[in-house]
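Below is one structure, written out as structure tokens; the observations come after it.
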Amino acid sequence: MSDPRRAQDFSLPWLLEVLVSGRAMSAQQASDVGGKESLVRARVVKASGNDRYAVSPVEIVAGFMLQRADRPAELLDQDRITELAAQAAGVGYRKIDPLKLDMNLAAKTVSKPYAQKHCILALEGASSPGVPLIIAVANPFDRELFENLERLAGTPIVPVLSAKADILKGIADVYGFKRTLAAAAVEHADSTQGITNFEQLVSLSSGRELDAGDRPVIQAVDYLLRYAFDNRASDVHLEPKRDASVVRLRIDGVLHKVYSLPALLHGPIVARVKTISRLDISEKRKPQDGRIKVEREGREIEIRVSTLPTAFGEKVVLRIFDPESLVVDVAQLGFEPAEKHVFESWIGEPHGLILVTGPTGSGKTTTLYSALKALAGPDVNVTTIEDPIEMVWDAFNQVQVQPKLGLDFANALRHILRQDPDIIMVGEIRDAETAENAVQSALTGHLVLSTLHTNDALGAISRLEDLQVPSFLLSSALLGVMAQRLVRKVCAKCSQPVTLDAAQFAALGAPIPPVPGGPRFAKGLGCVKCRGTGYFGRTAVFEILSATKELKQGIARKAAPEQLAEIARKEGLQTLREAAVRKLAFGETTFEEVLRMTTSA
């Protein structure tokens, strides 16, 4: 650290000079910022509601919300400003990823008041003496702070510049969540877990379990939910292990481990979740299902809760259903224009059977809800049978399957037919009776939509035949079958063109479709927006099988699957792999995603 500059040298004039020389800001913009510094400084303090921290020059510039001079389509935000400042100061830049924060390290390195006073956060390192400790700082020239940290930690310090907003959020995460739970665990260290654990056959608990009503536990659950929303998680997993409680989030279809909590706290956290989802707290031996409704940013979010007894206690999964992503317009589902035309022609029919197939998590529910949204209206009676109801939607009449009361799919469907329905959605065809009733409903003037768990579209026909649906009835009722999968999309911010070699082309097993200007293969390098994964969001790929006249004839005469496949290919069937390769050719997804999510056909 031979740089002679001191903390006070990290000033607005210095930063403006850096931004102008880096072409991120024009000279005129720099002049405007310098002339209105005091006004924006006051606005930043007011917006944050916290005058504890000195306003940094990065916050002042970001407060103007200027367009970048080099990329007018983008704003000059704290991340870009901090990155350029780090380069000019000769230190590393680090975007703090909340999913990768080492909370134990951060919390034990410095106290909360010290971290707040100096706006710092330990990120990684110091696993053994002499290993450098990487510290996120908001001021790259505070040499006195770095020297004090080295003495305090007893190890070399490597400062990296991070956005002040990210550091403050990280401090809140680490000290507001981790330290609170740690303090609760220490307070009740004389007690052992009172959870259902197979190992208790050997060592029974004798102490008091941490009360589920304790305020820290309530705050912890609220924090976990907010954290999941902020990170676009679709599922939250609370998993009991022998020595810890693990929290994992599923983001864009992939699970990420985010926290490892003291095992003592798993029971209270689960009890809190069960309380707000109206489950029986005392019942730990049987699986339970519940719901939570949360208001966030002016909209209601449904959370489905499932508990399951495991070897070390109750495992809880919270599945998050955001209405804005679950019920969308058909045009937003990811259809190609020709696919959208076919699907809309199916749902435009007055009666018939439409099937959507695919494994759990392939987006079937979103497709069905979006179709129902397009069809629902004051002159249409839409009724659904679900197990469980994924999303409560006012435009539909939704029925929850309750096997204990004798209300299964088949019975519910029989009763619904007496309710004058126009459109019926059956959550899943699981048995022969439900299959028969669904087909009969489609033949008697109702539009029926349902799902099946098959790998491809043609597999649905064989599955219904296995369920004893007469072939001549199926051929008359069927409008079409659609298999689908979800593939991760290349992050638009860090997308870079790539080329495929001969081995990769061979591995695809499907031809590259013609693309105007040639294929545009792409891959995300990893950036702030996508948390270094190279992916942001998901899109669907479809295998659409229309019940054409020739295919209906093949079904009616009980043609072999190979013959039906030949007919379908002649009629233009595109397999899931071929649909995914098309997305690949347009740069929407990657080679690796195509292979991961589709099977070669």
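Naming scheme: A, B, ... for chains in displayed order of the structure tokens; residues 1 onward per chain; ligands 1 onward as shown.
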
Pro159 in chain A environment, 12 Å, only C-alpha atoms, sequence neighbours closer than 3 positions dropped, as a ChimeraX atom specification | /A:1,86,89-94,120-125,132-143,145-147,149-150,156,162

Each range 545-591 of chain A residue no farther than 10 Å from range 506-516 of chain A, nearest pair in Å, only C-alpha atoms, as JSON lines:
{"residue": "A:Thr575", "atom": "CA", "partner": "A:Ala510", "partner_atom": "CA", "distance": 9.3}
{"residue": "A:Arg577", "atom": "CA", "partner": "A:Ala510", "partner_atom": "CA", "distance": 7.0}
{"residue": "A:Glu578", "atom": "CA", "partner": "A:Ala510", "partner_atom": "CA", "distance": 5.8}
{"residue": "A:Ala579", "atom": "CA", "partner": "A:Ala510", "partner_atom": "CA", "distance": 9.4}
{"residue": "A:Ala580", "atom": "CA", "partner": "A:Ala510", "partner_atom": "CA", "distance": 9.6}
{"residue": "A:Val581", "atom": "CA", "partner": "A:Ile512", "partner_atom": "CA", "distance": 6.6}
{"residue": "A:Arg582", "atom": "CA", "partner": "A:Pro513", "partner_atom": "CA", "distance": 6.1}
{"residue": "A:Lys583", "atom": "CA", "partner": "A:Pro513", "partner_atom": "CA", "distance": 9.7}
{"residue": "A:Leu584", "atom": "CA", "partner": "A:Ile512", "partner_atom": "CA", "distance": 8.7}
{"residue": "A:Ala585", "atom": "CA", "partner": "A:Ile512", "partner_atom": "CA", "distance": 6.7}
{"residue": "A:Phe586", "atom": "CA", "partner": "A:Val515", "partner_atom": "CA", "distance": 7.2}
{"residue": "A:Phe591", "atom": "CA", "partner": "A:Leu508", "partner_atom": "CA", "distance": 8.0}

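You will find CA of Val382 in chain A at 10.3 Å from CA of Ile416 in chain A.
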
Write out as a PyMOL selection string all residues of range 313-510 of chain A that DSSP puts in alpha helix (DSSP H) for this structure's backbone.
-> chain A and resi 323-326+337-347+364-375+409-416+432-443+458-466+471-477+502-508

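Between CA of Lys523 in chain A and CA of Leu573 in chain A lies a distance of 28.1 Å.
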
Out of range 327-548 of chain A, which residues get strand (DSSP E or B) from DSSP, as a PyMOL selection string?
-> chain A and resi 352-357+377+380+382-386+397-400+402+407+423-426+447-452+478-490+495-497+522-524+535-546

So that I have them on file, write out the residues from the current selection with C-alpha atoms, as a PDB file, in the first residue's frame.
ATOM      1  CA  GLY A 352     -62.008 -30.676 -26.953  1.00  0.00           C
ATOM      2  CA  LEU A 353     -59.043 -31.896 -24.893  1.00  0.00           C
ATOM      3  CA  ILE A 354     -55.720 -30.043 -24.623  1.00  0.00           C
ATOM      4  CA  LEU A 355     -52.842 -31.692 -22.757  1.00  0.00           C
ATOM      5  CA  VAL A 356     -49.602 -30.158 -21.471  1.00  0.00           C
ATOM      6  CA  THR A 357     -46.845 -32.584 -20.476  1.00  0.00           C
ATOM      7  CA  GLY A 377     -64.489 -13.414 -19.001  1.00  0.00           C
ATOM      8  CA  VAL A 380     -67.394 -17.743 -19.569  1.00  0.00           C
ATOM      9  CA  VAL A 382     -63.936 -21.331 -15.980  1.00  0.00           C
ATOM     10  CA  THR A 383     -63.572 -24.010 -13.299  1.00  0.00           C
ATOM     11  CA  THR A 384     -60.351 -25.667 -12.162  1.00  0.00           C
ATOM     12  CA  ILE A 385     -59.594 -28.779 -10.112  1.00  0.00           C
ATOM     13  CA  GLU A 386     -56.176 -28.594  -8.503  1.00  0.00           C
ATOM     14  CA  ASN A 397     -63.733 -21.023  -9.859  1.00  0.00           C
ATOM     15  CA  GLN A 398     -61.049 -23.137  -8.216  1.00  0.00           C
ATOM     16  CA  VAL A 399     -61.653 -26.436  -6.447  1.00  0.00           C
ATOM     17  CA  GLN A 400     -59.116 -27.964  -4.061  1.00  0.00           C
ATOM     18  CA  GLN A 402     -59.429 -33.238  -0.698  1.00  0.00           C
ATOM     19  CA  LEU A 407     -63.118 -35.283  -3.239  1.00  0.00           C
ATOM     20  CA  ILE A 423     -63.884 -24.479 -19.636  1.00  0.00           C
ATOM     21  CA  ILE A 424     -62.451 -27.033 -17.205  1.00  0.00           C
ATOM     22  CA  MET A 425     -58.849 -27.299 -16.065  1.00  0.00           C
ATOM     23  CA  VAL A 426     -57.920 -30.599 -14.421  1.00  0.00           C
ATOM     24  CA  LEU A 447     -62.985 -27.293 -23.419  1.00  0.00           C
ATOM     25  CA  VAL A 448     -60.801 -29.354 -21.078  1.00  0.00           C
ATOM     26  CA  LEU A 449     -57.159 -28.549 -20.281  1.00  0.00           C
ATOM     27  CA  SER A 450     -55.002 -30.870 -18.208  1.00  0.00           C
ATOM     28  CA  THR A 451     -51.464 -32.136 -17.587  1.00  0.00           C
ATOM     29  CA  LEU A 452     -49.698 -35.469 -17.766  1.00  0.00           C
ATOM     30  CA  LEU A 478     -58.058 -34.590 -28.645  1.00  0.00           C
ATOM     31  CA  LEU A 479     -57.168 -31.133 -29.956  1.00  0.00           C
ATOM     32  CA  GLY A 480     -53.448 -31.305 -29.261  1.00  0.00           C
ATOM     33  CA  VAL A 481     -50.618 -32.153 -26.875  1.00  0.00           C
ATOM     34  CA  MET A 482     -47.776 -29.842 -25.909  1.00  0.00           C
ATOM     35  CA  ALA A 483     -44.609 -30.974 -24.120  1.00  0.00           C
ATOM     36  CA  GLN A 484     -42.457 -28.249 -22.624  1.00  0.00           C
ATOM     37  CA  ARG A 485     -39.264 -27.506 -20.722  1.00  0.00           C
ATOM     38  CA  LEU A 486     -37.721 -24.377 -19.230  1.00  0.00           C
ATOM     39  CA  VAL A 487     -34.203 -23.359 -20.270  1.00  0.00           C
ATOM     40  CA  ARG A 488     -32.146 -20.595 -18.720  1.00  0.00           C
ATOM     41  CA  LYS A 489     -31.684 -17.492 -20.845  1.00  0.00           C
ATOM     42  CA  VAL A 490     -28.301 -15.951 -21.578  1.00  0.00           C
ATOM     43  CA  SER A 495     -23.722 -11.974 -23.400  1.00  0.00           C
ATOM     44  CA  GLN A 496     -20.822 -12.623 -25.749  1.00  0.00           C
ATOM     45  CA  PRO A 497     -20.790 -14.415 -29.126  1.00  0.00           C
ATOM     46  CA  ALA A 522     -23.933 -16.772 -27.263  1.00  0.00           C
ATOM     47  CA  LYS A 523     -22.809 -17.320 -23.700  1.00  0.00           C
ATOM     48  CA  GLY A 524     -22.887 -15.089 -20.640  1.00  0.00           C
ATOM     49  CA  TYR A 535     -27.904 -16.639 -17.038  1.00  0.00           C
ATOM     50  CA  PHE A 536     -30.840 -14.422 -16.136  1.00  0.00           C
ATOM     51  CA  GLY A 537     -34.406 -15.692 -16.265  1.00  0.00           C
ATOM     52  CA  ARG A 538     -35.864 -18.642 -18.151  1.00  0.00           C
ATOM     53  CA  THR A 539     -37.860 -19.246 -21.298  1.00  0.00           C
ATOM     54  CA  ALA A 540     -39.884 -22.229 -22.452  1.00  0.00           C
ATOM     55  CA  VAL A 541     -39.293 -24.583 -25.355  1.00  0.00           C
ATOM     56  CA  PHE A 542     -42.226 -26.517 -26.764  1.00  0.00           C
ATOM     57  CA  GLU A 543     -42.959 -29.708 -28.657  1.00  0.00           C
ATOM     58  CA  ILE A 544     -46.387 -29.172 -30.211  1.00  0.00           C
ATOM     59  CA  LEU A 545     -48.418 -32.093 -31.502  1.00  0.00           C
ATOM     60  CA  SER A 546     -51.604 -31.087 -33.292  1.00  0.00           C
TER      61      SER A 546
END

Of the listed residues A:Thr590, A:Gln288, A:Thr275, A:Ser475, that which approaches Pro309 in chain A most closely, counting only C-alpha atoms | A:Gln288

Select, from A:Ala69, A:Asp289, A:Val61, A:Glu295, the residue with the minimum atom-to-atom distance to Ala27 in chain A, counting only C-alpha atoms.
-> A:Ala69

Quick one: residues within 7 Å of range 257-262 of chain A, only C-alpha atoms counted, chain neighbours fewer than 2 positions away excluded, as a list in words?
-> Leu99, Lys100, Ala185, Ala244, Ser245, Val246, Val247, Arg248, Leu249, Leu255, Leu264 and Leu265 of chain A

Long-range neighbours of Phe229 in chain A as a CSV table (one decimal) with N, CA and C atoms, in the first residue's frame, 12 Å cut-off, only C-alpha atoms, 3 positions minimum in chain:
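This went into part_13.csv:
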chain,number,residue,atom,x,y,z
A,222,ASP,N,-39.1,-13.6,8.5
A,222,ASP,CA,-39.4,-12.4,7.6
A,222,ASP,C,-38.3,-12.1,6.7
A,223,TYR,N,-37.1,-12.1,7.2
A,223,TYR,CA,-35.9,-11.8,6.5
A,223,TYR,C,-35.7,-12.8,5.3
A,224,LEU,N,-35.8,-14.1,5.7
A,224,LEU,CA,-35.6,-15.1,4.6
A,224,LEU,C,-36.6,-15.0,3.5
A,225,LEU,N,-37.8,-14.6,3.8
A,225,LEU,CA,-38.8,-14.4,2.7
A,225,LEU,C,-38.4,-13.2,1.8
A,226,ARG,N,-38.0,-12.1,2.5
A,226,ARG,CA,-37.6,-10.9,1.7
A,226,ARG,C,-36.4,-11.2,0.9
A,232,ARG,N,-35.1,-13.4,-6.6
A,232,ARG,CA,-36.0,-14.1,-7.7
A,232,ARG,C,-36.1,-15.6,-7.5
A,233,ALA,N,-36.1,-16.0,-6.2
A,233,ALA,CA,-36.1,-17.4,-5.9
A,233,ALA,C,-37.6,-18.0,-6.2
A,234,SER,N,-37.6,-19.2,-6.7
A,234,SER,CA,-39.0,-19.8,-6.9
A,234,SER,C,-39.3,-20.7,-5.7
A,235,ASP,N,-38.2,-21.2,-5.0
A,235,ASP,CA,-38.4,-22.1,-3.9
A,235,ASP,C,-37.4,-21.8,-2.8
A,236,VAL,N,-37.8,-22.0,-1.5
A,236,VAL,CA,-36.9,-21.9,-0.4
A,236,VAL,C,-36.9,-23.2,0.3
A,249,LEU,N,-31.9,-21.8,-1.9
A,249,LEU,CA,-32.8,-21.1,-2.8
A,249,LEU,C,-32.7,-21.7,-4.2
A,250,ARG,N,-33.8,-21.9,-4.8
A,250,ARG,CA,-33.8,-22.3,-6.2
A,250,ARG,C,-34.0,-21.0,-7.1
A,251,ILE,N,-33.1,-20.7,-7.9
A,251,ILE,CA,-33.1,-19.5,-8.7
A,251,ILE,C,-32.9,-19.9,-10.2
A,294,VAL,N,-48.5,-13.1,1.1
A,294,VAL,CA,-47.6,-11.9,1.5
A,294,VAL,C,-47.8,-10.8,0.5
A,295,GLU,N,-47.9,-9.6,1.1
A,295,GLU,CA,-48.0,-8.4,0.2
A,295,GLU,C,-46.6,-7.8,0.0
A,296,ARG,N,-46.3,-7.6,-1.2
A,296,ARG,CA,-45.0,-7.1,-1.6
A,296,ARG,C,-45.1,-6.1,-2.7
A,297,GLU,N,-44.7,-4.9,-2.5
A,297,GLU,CA,-44.7,-3.8,-3.5
A,297,GLU,C,-46.0,-3.7,-4.2
A,301,ILE,N,-48.4,-12.0,-3.1
A,301,ILE,CA,-47.6,-13.2,-3.5
A,301,ILE,C,-48.1,-14.4,-2.7
A,302,GLU,N,-48.4,-15.5,-3.4
A,302,GLU,CA,-48.8,-16.7,-2.7
A,302,GLU,C,-47.6,-17.6,-2.5
A,303,ILE,N,-47.5,-18.2,-1.3
A,303,ILE,CA,-46.4,-19.1,-1.0
A,303,ILE,C,-47.0,-20.4,-0.5
A,318,LEU,N,-40.8,-23.9,0.7
A,318,LEU,CA,-41.8,-22.8,0.4
A,318,LEU,C,-41.7,-22.5,-1.0
A,319,ARG,N,-42.7,-22.8,-1.8
A,319,ARG,CA,-42.8,-22.5,-3.2
A,319,ARG,C,-43.5,-21.1,-3.4
A,320,ILE,N,-42.8,-20.3,-4.1
A,320,ILE,CA,-43.2,-18.9,-4.3
A,320,ILE,C,-43.9,-18.7,-5.6
A,321,PHE,N,-45.2,-18.2,-5.5
A,321,PHE,CA,-45.9,-18.0,-6.8
A,321,PHE,C,-46.2,-16.5,-6.9
A,322,ASP,N,-45.5,-15.9,-7.8
A,322,ASP,CA,-45.8,-14.4,-8.1
A,322,ASP,C,-46.8,-14.3,-9.2

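For the atom pair formed by CA of Ala24 in chain A and CA of Lys164 in chain A, the distance is 19.3 Å, given to one decimal.
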
Counting only C-alpha atoms, closest pick from A:Arg272, A:Lys95, A:Ile171, A:Asp394 relative to Gly526 in chain A is A:Lys95
